[in-house]
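Everything below belongs to data-v9.txt, which stores compact mmCIF, C-alpha atoms and all ligand atoms.
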```txt
# COMPACT_ATOMS: atom_id res chain seq x y z
CA MET A 1 4.09 -29.82 46.81
CA THR A 2 4.24 -26.07 46.08
CA PRO A 3 6.64 -25.20 43.26
CA CYS A 4 9.05 -22.33 43.95
CA LYS A 5 8.43 -19.04 42.14
CA LEU A 6 11.54 -19.40 39.99
CA CYS A 7 10.46 -22.84 38.81
CA VAL A 8 7.10 -21.48 37.65
CA LEU A 9 8.62 -18.53 35.76
CA PRO A 10 9.69 -20.42 32.60
CA PHE A 11 6.19 -21.89 32.34
CA LEU A 12 4.62 -18.46 32.67
CA LEU A 13 6.94 -17.11 29.97
CA LEU A 14 6.13 -20.07 27.75
CA ALA A 15 2.42 -19.50 28.24
CA PHE A 16 2.84 -15.85 27.22
CA ALA A 17 4.88 -16.77 24.15
CA VAL A 18 2.27 -19.29 23.03
CA ALA A 19 -0.50 -16.79 23.56
CA GLN A 20 1.28 -14.12 21.53
CA THR A 21 2.13 -16.33 18.56
CA PRO A 22 -0.97 -17.78 16.94
CA SER A 23 -0.75 -21.54 16.59
CA THR A 24 -1.03 -23.29 13.22
CA LYS A 25 -4.34 -24.65 14.51
CA GLU A 26 -5.67 -21.16 15.28
CA VAL A 27 -4.73 -19.98 11.79
CA ALA A 28 -6.18 -23.14 10.21
CA SER A 29 -9.49 -22.52 12.00
CA VAL A 30 -10.01 -19.17 10.20
CA TYR A 31 -8.24 -19.98 6.93
CA PRO A 32 -11.21 -21.38 4.93
CA GLU A 33 -13.26 -18.27 5.56
CA ALA A 34 -10.36 -15.91 4.80
CA HIS A 35 -9.57 -17.86 1.62
CA SER A 36 -13.15 -17.83 0.39
CA LEU A 37 -13.30 -14.05 0.95
CA TYR A 38 -10.06 -13.80 -1.07
CA LEU A 39 -11.54 -15.75 -4.00
CA ASP A 40 -14.72 -13.69 -3.92
CA LEU A 41 -12.87 -10.36 -3.81
CA HIS A 42 -10.40 -11.45 -6.47
CA GLN A 43 -13.23 -12.29 -8.87
CA ASN A 44 -15.17 -9.13 -8.05
CA PRO A 45 -12.64 -6.29 -7.94
CA GLU A 46 -13.79 -2.66 -7.76
CA LEU A 47 -12.03 0.55 -8.77
CA SER A 48 -10.93 3.27 -6.32
CA MET A 49 -13.87 5.01 -4.58
CA HIS A 50 -16.25 2.45 -6.09
CA GLU A 51 -15.53 -0.29 -3.51
CA THR A 52 -19.15 -0.55 -2.36
CA GLN A 53 -19.61 -4.34 -2.58
CA THR A 54 -16.07 -4.96 -1.30
CA ALA A 55 -16.65 -2.77 1.76
CA ALA A 56 -20.10 -4.28 2.37
CA LYS A 57 -18.71 -7.86 2.28
CA LEU A 58 -15.87 -7.07 4.66
CA ALA A 59 -18.18 -5.11 6.99
CA ALA A 60 -20.69 -7.98 7.12
CA GLN A 61 -18.03 -10.55 8.01
CA LEU A 62 -16.53 -8.33 10.70
CA ARG A 63 -19.98 -7.75 12.22
CA ILE A 64 -20.50 -11.51 12.41
CA ALA A 65 -17.11 -11.78 14.14
CA GLY A 66 -18.37 -9.37 16.83
CA TYR A 67 -16.97 -6.03 15.69
CA GLU A 68 -18.86 -2.74 15.89
CA VAL A 69 -18.68 -1.59 12.26
CA THR A 70 -19.17 1.88 10.79
CA GLU A 71 -19.49 2.07 7.01
CA HIS A 72 -19.14 4.93 4.51
CA VAL A 73 -16.26 6.64 6.29
CA GLY A 74 -14.66 8.91 3.70
CA GLY A 75 -16.84 7.45 0.93
CA THR A 76 -16.59 3.66 0.99
CA GLY A 77 -14.25 3.26 3.99
CA ILE A 78 -15.06 1.11 7.01
CA VAL A 79 -13.96 1.19 10.65
CA ALA A 80 -14.51 -1.91 12.79
CA ILE A 81 -13.91 -1.77 16.53
CA LEU A 82 -13.55 -4.50 19.13
CA ARG A 83 -13.33 -3.25 22.73
CA ASN A 84 -11.74 -5.54 25.26
CA GLY A 85 -11.15 -3.67 28.50
CA SER A 86 -8.68 -0.90 29.23
CA GLY A 87 -5.42 -0.48 27.38
CA SER A 88 -4.05 0.79 24.10
CA THR A 89 -5.89 1.33 20.84
CA ILE A 90 -4.17 -0.41 17.96
CA MET A 91 -5.16 0.08 14.34
CA LEU A 92 -4.75 -2.42 11.51
CA ARG A 93 -5.43 -1.07 8.05
CA THR A 94 -6.18 -2.68 4.70
CA GLU A 95 -6.90 -1.12 1.33
CA LEU A 96 -10.12 -1.96 -0.53
CA ASP A 97 -9.48 -0.99 -4.14
CA ALA A 98 -8.37 -2.71 -7.35
CA LEU A 99 -6.83 -1.42 -10.59
CA PRO A 100 -7.83 -0.86 -14.23
CA VAL A 101 -5.73 -3.82 -15.44
CA GLU A 102 -6.78 -6.78 -17.56
CA GLU A 103 -5.88 -9.98 -15.71
CA LYS A 104 -3.75 -12.36 -17.78
CA THR A 105 -2.71 -14.83 -15.08
CA GLY A 106 -4.85 -17.62 -16.54
CA LEU A 107 -5.88 -18.61 -13.02
CA PRO A 108 -9.24 -20.38 -12.69
CA TYR A 109 -10.41 -17.54 -10.46
CA ALA A 110 -9.03 -14.73 -12.66
CA SER A 111 -11.09 -11.55 -12.83
CA LYS A 112 -13.20 -10.97 -15.92
CA VAL A 113 -14.70 -7.77 -14.57
CA HIS A 114 -15.07 -4.58 -16.59
CA ALA A 115 -16.30 -1.29 -15.17
CA LYS A 116 -16.64 2.37 -16.08
CA ASP A 117 -13.79 4.51 -14.81
CA ASP A 118 -14.31 8.08 -13.58
CA SER A 119 -14.08 9.46 -17.11
CA GLY A 120 -16.76 7.05 -18.33
CA HIS A 121 -14.39 4.68 -20.19
CA ASP A 122 -14.93 0.94 -20.03
CA VAL A 123 -11.88 -0.59 -18.34
CA PRO A 124 -10.93 -4.09 -17.17
CA VAL A 125 -10.52 -4.41 -13.38
CA MET A 126 -8.11 -6.63 -11.46
CA HIS A 127 -6.73 -6.92 -7.94
CA ALA A 128 -3.26 -6.50 -9.44
CA CYS A 129 -1.83 -5.00 -6.25
CA GLY A 130 -2.92 -7.78 -3.89
CA HIS A 131 -5.32 -5.73 -1.78
CA ASP A 132 -7.69 -8.72 -1.86
CA LEU A 133 -5.03 -10.69 0.03
CA HIS A 134 -4.68 -7.86 2.56
CA MET A 135 -8.44 -7.90 3.23
CA ALA A 136 -8.53 -11.68 3.57
CA SER A 137 -5.58 -11.58 5.95
CA LEU A 138 -7.22 -8.84 8.03
CA LEU A 139 -10.41 -10.90 8.26
CA GLY A 140 -8.48 -13.98 9.43
CA ALA A 141 -6.58 -11.94 12.03
CA ALA A 142 -9.82 -10.21 13.12
CA GLU A 143 -11.52 -13.55 13.76
CA ILE A 144 -8.62 -14.95 15.77
CA MET A 145 -8.45 -11.76 17.86
CA ALA A 146 -12.20 -11.88 18.52
CA ARG A 147 -12.06 -15.55 19.57
CA THR A 148 -9.06 -15.11 21.87
CA LYS A 149 -9.91 -12.05 23.91
CA ASN A 150 -8.06 -13.59 26.85
CA SER A 151 -4.77 -13.12 24.98
CA TRP A 152 -4.98 -9.29 24.84
CA HIS A 153 -6.74 -6.22 26.20
CA GLY A 154 -7.52 -2.74 24.93
CA THR A 155 -9.22 -1.64 21.71
CA LEU A 156 -8.62 -3.17 18.31
CA MET A 157 -9.55 -0.94 15.41
CA LEU A 158 -9.65 -2.34 11.87
CA VAL A 159 -9.69 0.11 9.00
CA GLY A 160 -10.76 -0.64 5.42
CA GLN A 161 -9.43 2.28 3.43
CA PRO A 162 -10.77 3.16 -0.01
CA ALA A 163 -8.81 4.57 -2.96
CA GLU A 164 -5.23 3.75 -2.04
CA GLU A 165 -4.36 3.42 -5.71
CA THR A 166 -5.29 7.04 -6.33
CA ILE A 167 -3.53 8.01 -3.08
CA SER A 168 -6.63 9.85 -1.91
CA GLY A 169 -8.64 7.51 0.35
CA ALA A 170 -6.74 8.04 3.61
CA LYS A 171 -7.17 11.80 3.26
CA LYS A 172 -10.90 11.34 2.59
CA MET A 173 -11.24 9.28 5.81
CA ILE A 174 -9.42 11.94 7.85
CA GLU A 175 -11.62 14.67 6.31
CA ASP A 176 -14.68 12.63 7.30
CA GLY A 177 -13.72 12.87 10.97
CA PHE A 178 -11.77 9.60 11.34
CA LEU A 179 -9.74 11.03 14.23
CA GLN A 180 -12.74 12.59 16.01
CA ARG A 181 -15.34 9.86 15.48
CA PHE A 182 -13.15 6.90 16.49
CA PRO A 183 -10.56 6.32 19.22
CA LYS A 184 -7.13 7.72 18.34
CA ALA A 185 -4.76 4.82 17.72
CA ASP A 186 -1.65 4.59 19.88
CA ALA A 187 0.02 2.66 17.07
CA GLY A 188 -0.87 1.53 13.56
CA VAL A 189 -0.05 -1.55 11.50
CA ALA A 190 -0.34 -2.34 7.79
CA LEU A 191 1.27 -4.75 5.37
CA HIS A 192 1.79 -5.10 1.64
CA VAL A 193 2.21 -8.27 -0.37
CA GLY A 194 4.71 -8.42 -3.21
CA ASN A 195 7.02 -10.65 -5.22
CA LEU A 196 10.27 -9.32 -3.77
CA LEU A 197 10.05 -12.00 -1.07
CA PRO A 198 8.89 -15.61 -1.23
CA ALA A 199 5.64 -16.50 0.51
CA GLY A 200 6.31 -17.48 4.11
CA LYS A 201 8.61 -14.54 4.78
CA VAL A 202 8.05 -10.96 5.91
CA GLY A 203 10.23 -7.90 5.32
CA ILE A 204 10.91 -5.08 7.73
CA THR A 205 12.16 -1.61 6.80
CA PRO A 206 12.91 0.64 9.77
CA GLY A 207 12.62 4.40 9.01
CA ILE A 208 11.57 5.40 5.48
CA TYR A 209 9.58 2.48 4.02
CA ASP A 210 8.73 3.83 0.59
CA ALA A 211 8.86 6.86 -1.67
CA ASN A 212 7.36 10.31 -1.96
CA ALA A 213 5.05 10.16 -4.96
CA ASP A 214 4.04 13.08 -7.16
CA SER A 215 1.65 12.80 -10.09
CA LEU A 216 1.93 15.47 -12.79
CA ARG A 217 -0.17 16.24 -15.86
CA ILE A 218 1.73 18.29 -18.44
CA THR A 219 0.04 19.89 -21.43
CA ILE A 220 2.36 21.06 -24.19
CA TYR A 221 0.82 23.63 -26.55
CA GLY A 222 1.77 23.78 -30.21
CA LYS A 223 0.03 24.96 -33.35
CA GLY A 224 -1.97 22.45 -35.35
CA GLY A 225 -1.86 22.07 -39.11
CA HIS A 226 -1.65 19.68 -42.04
CA GLY A 227 0.79 16.81 -41.69
CA SER A 228 2.16 17.63 -45.15
CA ALA A 229 2.98 21.22 -44.17
CA PRO A 230 4.94 21.13 -40.90
CA HIS A 231 6.39 24.59 -41.64
CA THR A 232 2.94 26.09 -41.05
CA ALA A 233 2.60 24.42 -37.65
CA ILE A 234 4.44 23.95 -34.35
CA ASP A 235 4.36 20.23 -33.63
CA PRO A 236 3.57 19.49 -29.96
CA ILE A 237 4.35 15.78 -30.50
CA VAL A 238 7.95 16.55 -31.41
CA ILE A 239 8.23 18.90 -28.41
CA ALA A 240 6.76 16.14 -26.21
CA ALA A 241 9.24 13.59 -27.56
CA ARG A 242 12.21 15.88 -26.84
CA THR A 243 10.79 16.72 -23.40
CA ILE A 244 10.41 13.04 -22.46
CA LEU A 245 14.06 12.32 -23.31
CA SER A 246 15.34 15.47 -21.60
CA LEU A 247 13.41 14.61 -18.43
CA GLN A 248 15.44 11.41 -18.16
CA THR A 249 18.57 13.48 -17.65
CA ILE A 250 17.17 14.61 -14.28
CA PRO A 251 17.82 11.30 -12.47
CA SER A 252 20.92 10.52 -14.55
CA ARG A 253 22.63 13.95 -14.71
CA GLU A 254 21.18 16.27 -12.07
CA VAL A 255 20.43 14.20 -8.97
CA LYS A 256 23.44 13.20 -6.90
CA PRO A 257 24.47 9.59 -7.61
CA GLY A 258 23.18 7.36 -4.85
CA GLU A 259 20.07 9.45 -4.19
CA MET A 260 16.83 7.85 -5.39
CA ALA A 261 14.85 9.62 -8.11
CA VAL A 262 12.47 8.15 -10.70
CA VAL A 263 10.78 10.16 -13.45
CA THR A 264 8.38 8.02 -15.48
CA VAL A 265 6.19 9.29 -18.31
CA GLY A 266 3.37 6.77 -18.08
CA TYR A 267 1.29 8.07 -20.96
CA ILE A 268 1.37 10.47 -23.87
CA HIS A 269 -1.89 11.52 -25.48
CA ALA A 270 -1.80 13.53 -28.69
CA GLY A 271 -3.35 13.59 -32.09
CA THR A 272 -6.24 11.92 -33.86
CA LYS A 273 -5.01 11.13 -37.38
CA ASN A 274 -1.71 10.46 -39.16
CA ASN A 275 -1.85 13.56 -41.37
CA ILE A 276 -2.92 16.10 -38.76
CA ILE A 277 -0.48 17.95 -36.51
CA PRO A 278 -2.47 18.42 -33.28
CA ASP A 279 -2.71 21.58 -31.19
CA GLU A 280 -1.46 20.00 -28.01
CA ALA A 281 0.05 16.95 -26.35
CA GLU A 282 -0.54 15.69 -22.83
CA LEU A 283 1.95 13.75 -20.72
CA GLY A 284 1.23 11.91 -17.46
CA LEU A 285 4.15 11.56 -15.07
CA THR A 286 4.90 9.81 -11.83
CA VAL A 287 7.85 11.06 -9.81
CA ARG A 288 9.34 9.05 -6.91
CA THR A 289 11.95 10.15 -4.39
CA TYR A 290 12.93 9.29 -0.80
CA ASP A 291 14.46 12.58 0.29
CA ALA A 292 12.34 15.76 0.56
CA GLY A 293 15.20 17.90 -0.81
CA VAL A 294 15.62 15.65 -3.85
CA GLN A 295 11.84 15.73 -4.36
CA LYS A 296 11.92 19.54 -4.53
CA GLN A 297 14.94 19.49 -6.87
CA VAL A 298 13.33 16.99 -9.29
CA LEU A 299 9.98 18.82 -9.44
CA ALA A 300 11.75 22.13 -10.13
CA ALA A 301 13.90 20.50 -12.86
CA ILE A 302 10.80 19.02 -14.56
CA ALA A 303 9.20 22.48 -14.71
CA ARG A 304 12.41 24.09 -16.00
CA ILE A 305 13.05 21.49 -18.75
CA THR A 306 9.41 21.31 -19.89
CA LYS A 307 9.16 25.08 -20.25
CA ALA A 308 12.57 25.37 -21.92
CA GLU A 309 11.83 22.68 -24.52
CA ALA A 310 8.58 24.42 -25.44
CA GLN A 311 10.35 27.74 -25.69
CA ALA A 312 13.12 26.23 -27.83
CA ALA A 313 10.48 25.05 -30.30
CA GLY A 314 8.77 28.43 -30.40
CA ALA A 315 5.58 27.17 -28.75
CA PRO A 316 2.82 29.77 -28.65
CA ARG A 317 2.18 29.21 -24.91
CA GLU A 318 4.08 27.99 -21.91
CA PRO A 319 3.14 24.37 -21.04
CA SER A 320 0.79 23.85 -18.12
CA ILE A 321 2.08 21.62 -15.33
CA GLU A 322 -0.57 20.34 -12.94
CA HIS A 323 0.39 18.55 -9.74
CA TYR A 324 -2.81 16.58 -9.24
CA GLU A 325 -1.83 13.90 -6.72
CA GLY A 326 0.89 13.37 -4.22
CA THR A 327 1.77 11.56 -1.05
CA ASP A 328 4.70 11.50 1.32
CA SER A 329 6.75 8.41 2.08
CA VAL A 330 5.55 6.09 4.85
CA PHE A 331 7.76 6.40 7.93
CA ASN A 332 8.25 3.31 10.07
CA ASN A 333 8.92 4.17 13.67
CA PRO A 334 12.41 2.62 14.16
CA ALA A 335 11.86 1.57 17.80
CA LEU A 336 8.55 -0.03 16.95
CA ALA A 337 10.14 -1.82 13.96
CA GLU A 338 12.93 -3.10 16.21
CA ARG A 339 10.51 -4.47 18.78
CA LEU A 340 8.15 -6.05 16.25
CA LYS A 341 11.06 -7.62 14.40
CA ALA A 342 11.71 -9.65 17.54
CA THR A 343 7.98 -10.43 17.83
CA LEU A 344 7.84 -11.69 14.24
CA GLU A 345 11.04 -13.69 14.62
CA LYS A 346 9.45 -15.41 17.58
CA ALA A 347 6.24 -16.04 15.63
CA MET A 348 7.74 -17.19 12.33
CA GLY A 349 11.35 -18.09 12.90
CA ARG A 350 14.42 -15.88 12.49
CA ASP A 351 15.04 -16.96 8.87
CA ASN A 352 11.61 -15.80 7.78
CA VAL A 353 12.09 -12.19 8.87
CA VAL A 354 14.20 -10.13 6.48
CA ILE A 355 15.46 -6.57 6.77
CA GLN A 356 14.83 -4.64 3.54
CA GLY A 357 15.83 -1.24 2.18
CA PRO A 358 13.17 1.32 1.21
CA HIS A 359 10.84 0.60 -1.73
CA THR A 360 10.25 2.89 -4.72
CA ALA A 361 6.48 2.37 -4.52
CA SER A 362 4.28 4.81 -2.62
CA GLU A 363 1.20 4.64 -0.51
CA ASP A 364 -1.09 7.05 1.30
CA TYR A 365 -0.85 5.22 4.63
CA SER A 366 1.61 8.09 5.26
CA VAL A 367 -1.46 10.28 5.92
CA PHE A 368 -2.20 8.27 9.09
CA VAL A 369 1.44 8.47 10.20
CA GLU A 370 1.36 12.23 9.71
CA GLN A 371 -1.68 12.43 12.02
CA GLY A 372 0.64 11.26 14.79
CA ILE A 373 0.03 7.49 14.67
CA PRO A 374 3.42 5.78 15.11
CA SER A 375 3.35 2.91 12.69
CA PHE A 376 4.73 -0.39 11.51
CA TYR A 377 4.25 -1.02 7.79
CA PHE A 378 5.82 -4.26 6.67
CA SER A 379 6.17 -6.42 3.57
CA LEU A 380 4.56 -9.80 3.09
CA GLY A 381 6.23 -12.30 0.77
CA GLY A 382 3.92 -13.25 -2.09
CA ALA A 383 6.12 -15.16 -4.55
CA ASP A 384 5.86 -18.89 -5.07
CA PRO A 385 9.09 -20.00 -3.30
CA GLU A 386 10.12 -22.28 -6.19
CA LYS A 387 9.54 -19.64 -8.87
CA PHE A 388 11.31 -17.10 -6.64
CA ALA A 389 14.41 -19.32 -6.36
CA GLU A 390 14.36 -20.01 -10.11
CA ALA A 391 14.10 -16.29 -10.94
CA LYS A 392 17.02 -15.60 -8.64
CA THR A 393 19.18 -18.19 -10.38
CA THR A 394 18.30 -17.01 -13.87
CA GLY A 395 18.49 -13.34 -12.96
CA THR A 396 14.91 -12.67 -14.08
CA MET A 397 12.18 -10.74 -12.26
CA LEU A 398 8.78 -12.10 -11.30
CA PRO A 399 5.80 -9.92 -12.32
CA SER A 400 5.57 -6.95 -9.98
CA ASN A 401 2.47 -5.49 -8.35
CA HIS A 402 0.22 -3.78 -10.96
CA SER A 403 1.27 -6.31 -13.62
CA SER A 404 -1.51 -8.20 -15.43
CA LEU A 405 0.42 -11.36 -14.44
CA PHE A 406 0.70 -10.59 -10.72
CA ALA A 407 -0.40 -13.75 -8.92
CA PRO A 408 0.64 -14.22 -5.29
CA ASP A 409 1.09 -17.75 -3.94
CA VAL A 410 -2.10 -17.36 -1.96
CA GLU A 411 -2.08 -20.14 0.59
CA PRO A 412 1.34 -19.63 2.23
CA ALA A 413 1.12 -15.84 1.85
CA LEU A 414 -2.31 -15.65 3.45
CA ARG A 415 -1.39 -17.96 6.33
CA THR A 416 1.75 -15.90 6.94
CA GLY A 417 -0.19 -12.63 6.76
CA ILE A 418 -2.70 -13.82 9.36
CA THR A 419 0.05 -15.19 11.65
CA ALA A 420 2.14 -12.02 11.44
CA GLU A 421 -0.80 -9.69 12.01
CA VAL A 422 -2.06 -11.59 15.06
CA ALA A 423 1.43 -11.77 16.61
CA VAL A 424 2.01 -8.04 16.08
CA LEU A 425 -1.47 -7.03 17.30
CA ARG A 426 -1.25 -9.15 20.47
CA ASP A 427 2.16 -7.75 21.28
CA LEU A 428 1.09 -4.14 20.78
CA LEU A 429 -2.22 -4.57 22.60
CA ASN A 430 -0.44 -6.01 25.60
CA MET A 431 1.53 -2.76 25.98
CA SER A 432 -0.05 0.15 27.84
CA PRO A 433 -0.47 3.50 26.05
CA GLU A 434 2.33 4.88 28.28
CA GLU A 435 4.69 2.05 27.34
CA LEU A 436 3.93 2.59 23.66
CA ARG A 437 4.48 6.33 23.97
CA ARG A 438 7.83 5.78 25.72
CA LEU A 439 8.87 3.31 23.02
CA THR A 440 7.85 5.37 20.00
CA SER A 441 8.21 9.03 20.93
CA PRO A 442 11.98 9.73 20.57
CA ALA A 443 12.05 8.70 16.92
CA GLN A 444 8.66 9.99 15.86
CA SER A 445 9.85 12.77 13.59
CA LYS A 446 11.41 12.19 10.17
ZN ZN B 1 -0.87 -0.57 -5.99
ZN ZN B 2 -1.07 -1.75 -3.14
```
What does this structure look like when you write it as structure tokens?
Amino acid sequence: MTPCKLCVLPFLLLAFAVAQTPSTKEVASVYPEAHSLYLDLHQNPELSMHETQTAAKLAAQLRIAGYEVTEHVGGTGIVAILRNGSGSTIMLRTELDALPVEEKTGLPYASKVHAKDDSGHDVPVMHACGHDLHMASLLGAAEIMARTKNSWHGTLMLVGQPAEETISGAKKMIEDGFLQRFPKADAGVALHVGNLLPAGKVGITPGIYDANADSLRITIYGKGGHGSAPHTAIDPIVIAARTILSLQTIPSREVKPGEMAVVTVGYIHAGTKNNIIPDEAELGLTVRTYDAGVQKQVLAAIARITKAEAQAAGAPREPSIEHYEGTDSVFNNPALAERLKATLEKAMGRDNVVIQGPHTASEDYSVFVEQGIPSFYFSLGGADPEKFAEAKTTGTMLPSNHSSLFAPDVEPALRTGITAEVAVLRDLLNMSPEELRRLTSPAQSK
């Protein structure tokens, strides 16, 4: 008996759906390897632009999985390519670096690593941002994609980016010929784990995903002297203290209510001894905004207030204000986000896909977006679901990324990361470059 075409159709659709969503069994088959990479990376974190062992471990595993791997792209970056016939090129990116934070989670696999930072200081090192989980998830997804080449076609490009924490690694990769040496991606994907969602869920933010970030170093000049004779000196610490408080009036008094602006003074360095008034004081600032106009307004206000406070105190020189780092917000292509929301709902269930507003964090994945790679950057739940529910009831906050207590609920988060990445990659790779262009082009500009 020959079945009619219409009768076969539901089975064909079912077969496609199964192929796109990785099964629990598929994820389970790569989980032990991904988890052991996680434990290894977590116990051996490396600072930005020093990710040599991290990159080497990831590169070796991807080579074993069948990828063609190029190392040392933009310093310690890696690019791993798997070609599988004609079609689109889709990029999946992970960060490689850890942070100068002393781990206090008390976990049996907590990091005890210390290293020298770029100024030669001994610092503790911890994967306090969860980049170890991103790498483990990418490895799991990479292995499933390599084993199931019948479920997709085209070119899969995996990127291990160095120095995300200093928002400089993506730029270094571009400067090292990333766009010329490797196929240009028709679309890009990345994720970030955090405690704003419980493990098992993912968050989607169409449009602006996160904030513009600007790092400033301000040096306030005074006139040193004896602590017992302040009248002979101009105290830069007092000027710094006034400046710090005045800067807080920018978000509260100058920026329009409802617009996002954060001005944080993360450090103040001044003085050597209690009875010496130093010559100068240095402040380190991070500034976060969503809107480009607000960003300009806040940076101008910081310069105005800093100079005016110094002048009010009779400082001998105008303060120096150095803008030493910066990155634009990551822009999620809205059409791509809409499509992949449906893909993830199919893969994980509607209740596990949450729409979120923009985040105040920042990230240099924006550099890839600005090179014309329409992208989907999404959030991966990392919180232990029970602790998450408890914190919600008591109105407390779980430790955020960069905290010495940041400890994602690894097993469900990692399984979800792998599942989500494979579902998204298969969907994108099964679209032709023309289809992707048609989908993403109208909304490509911010
Ligand atoms: Zn971070
Ligand atoms: Zn991060």
Go through chain A and flag each residue having an atom no more than 12 Å from ligand ZN 2 (chain B); for those, report the closest pair of atoms plus their distance in Å to one decimal, using all atoms listed in the file, ordered by chain and rising number, as a tab-separated table.
```
residue	atom	partner	partner_atom	distance
A:Ser48	CA	B:ZN2	ZN	11.5
A:Thr94	CA	B:ZN2	ZN	9.4
A:Glu95	CA	B:ZN2	ZN	7.4
A:Leu96	CA	B:ZN2	ZN	9.4
A:Asp97	CA	B:ZN2	ZN	8.5
A:Ala98	CA	B:ZN2	ZN	8.5
A:Leu99	CA	B:ZN2	ZN	9.4
A:Met126	CA	B:ZN2	ZN	11.9
A:His127	CA	B:ZN2	ZN	9.0
A:Ala128	CA	B:ZN2	ZN	8.2
A:Cys129	CA	B:ZN2	ZN	4.6
A:Gly130	CA	B:ZN2	ZN	6.4
A:His131	CA	B:ZN2	ZN	6.0
A:Asp132	CA	B:ZN2	ZN	9.7
A:Leu133	CA	B:ZN2	ZN	10.3
A:His134	CA	B:ZN2	ZN	9.1
A:Met135	CA	B:ZN2	ZN	11.5
A:Gln161	CA	B:ZN2	ZN	11.4
A:Pro162	CA	B:ZN2	ZN	11.3
A:Ala163	CA	B:ZN2	ZN	10.0
A:Glu164	CA	B:ZN2	ZN	7.0
A:Glu165	CA	B:ZN2	ZN	6.6
A:Thr166	CA	B:ZN2	ZN	10.3
A:Ile167	CA	B:ZN2	ZN	10.1
A:Ala190	CA	B:ZN2	ZN	11.0
A:Leu191	CA	B:ZN2	ZN	9.3
A:His192	CA	B:ZN2	ZN	6.5
A:Val193	CA	B:ZN2	ZN	7.8
A:Gly194	CA	B:ZN2	ZN	8.8
A:Asp210	CA	B:ZN2	ZN	11.9
A:Ala361	CA	B:ZN2	ZN	8.7
A:Ser362	CA	B:ZN2	ZN	8.5
A:Glu363	CA	B:ZN2	ZN	7.3
A:Asp364	CA	B:ZN2	ZN	9.9
A:Tyr365	CA	B:ZN2	ZN	10.4
A:Ser379	CA	B:ZN2	ZN	10.9
A:Leu380	CA	B:ZN2	ZN	11.6
A:Ser400	CA	B:ZN2	ZN	10.9
A:Asn401	CA	B:ZN2	ZN	7.3
A:His402	CA	B:ZN2	ZN	8.2
A:Ser403	CA	B:ZN2	ZN	11.7
A:Phe406	CA	B:ZN2	ZN	11.8
```
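What separates atom CA of His226 of chain A from atom CA of Pro278 of chain A is a distance of 8.9 Å.
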If you take every atom of segment 339-353 of chain A that the file lists and fit an axis-aligned box around them with 5 Å extra on each side, what centre and edge lengths come out in Å to one decimal, as JSON?
```
{"center_x": 10.6, "center_y": -11.3, "center_z": 13.3, "size_x": 18.8, "size_y": 23.6, "size_z": 21.0}
```
At a cut-off of 12 Å, using only C-alpha atoms, what residues contact Arg147 of chain A? Leave out same-chain residues fewer than 5 positions from it and give the result as an NGL selection string.
:A and (22 or 26-27 or 29-30 or 64-67 or 82 or 84 or 140-142 or 152 or 422)
Residues from last step as file, C-alpha atoms, as a tab-separated table (two decimals), in the frame of the given file:
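And here's again-v4.tsv as it stands now:
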```tsv
chain	number	residue	atom	x	y	z
A	22	PRO	CA	-0.97	-17.78	16.94
A	26	GLU	CA	-5.67	-21.16	15.28
A	27	VAL	CA	-4.73	-19.98	11.79
A	29	SER	CA	-9.49	-22.52	12.00
A	30	VAL	CA	-10.01	-19.17	10.20
A	64	ILE	CA	-20.50	-11.51	12.41
A	65	ALA	CA	-17.11	-11.78	14.14
A	66	GLY	CA	-18.37	-9.37	16.83
A	67	TYR	CA	-16.97	-6.03	15.69
A	82	LEU	CA	-13.55	-4.50	19.13
A	84	ASN	CA	-11.74	-5.54	25.26
A	140	GLY	CA	-8.48	-13.98	9.43
A	141	ALA	CA	-6.58	-11.94	12.03
A	142	ALA	CA	-9.82	-10.21	13.12
A	152	TRP	CA	-4.98	-9.29	24.84
A	422	VAL	CA	-2.06	-11.59	15.06
```
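Excluding Leu138 of chain A itself and same-chain residues fewer than 6 positions from it, the residues having an atom within 10 Å of it are Ala34, Leu58, Leu62, Leu92, Arg93, Thr94, Asp132, Ile144, Leu158, Val159, Gly160, Ala190, Leu191, Leu414, Gly417, Ile418, Glu421 and Val422 of chain A, counting all atoms listed in the file.
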All residues 12 Å or closer to Ile234 of chain A, only C-alpha atoms, same chain fewer than 2 positions away omitted, as a ChimeraX atom specification:
/A:220-227,229-232,236-240,276-281,310-317
As an exercise, work out the distance from atom CA of Leu139 of chain A to atom CA of Glu434 of chain A in Å and give it to one decimal place.
28.5 Å
Name all residues at most 8 Å from segment 290-304 of chain A (count all atoms listed in the file; drop same-chain ones fewer than 5 positions away) and give them as a PyMOL selection string.
chain A and resi 208+210-212+247+250-251+255+259-261+321+329+360
Within 9 Å of (-9.6, -1.0, 29.3), all atoms listed in the file: residues as a list in words?
Arg83, Asn84, Gly85, Ser86, Gly87, Ser88, His153, Gly154 and Thr155 of chain A
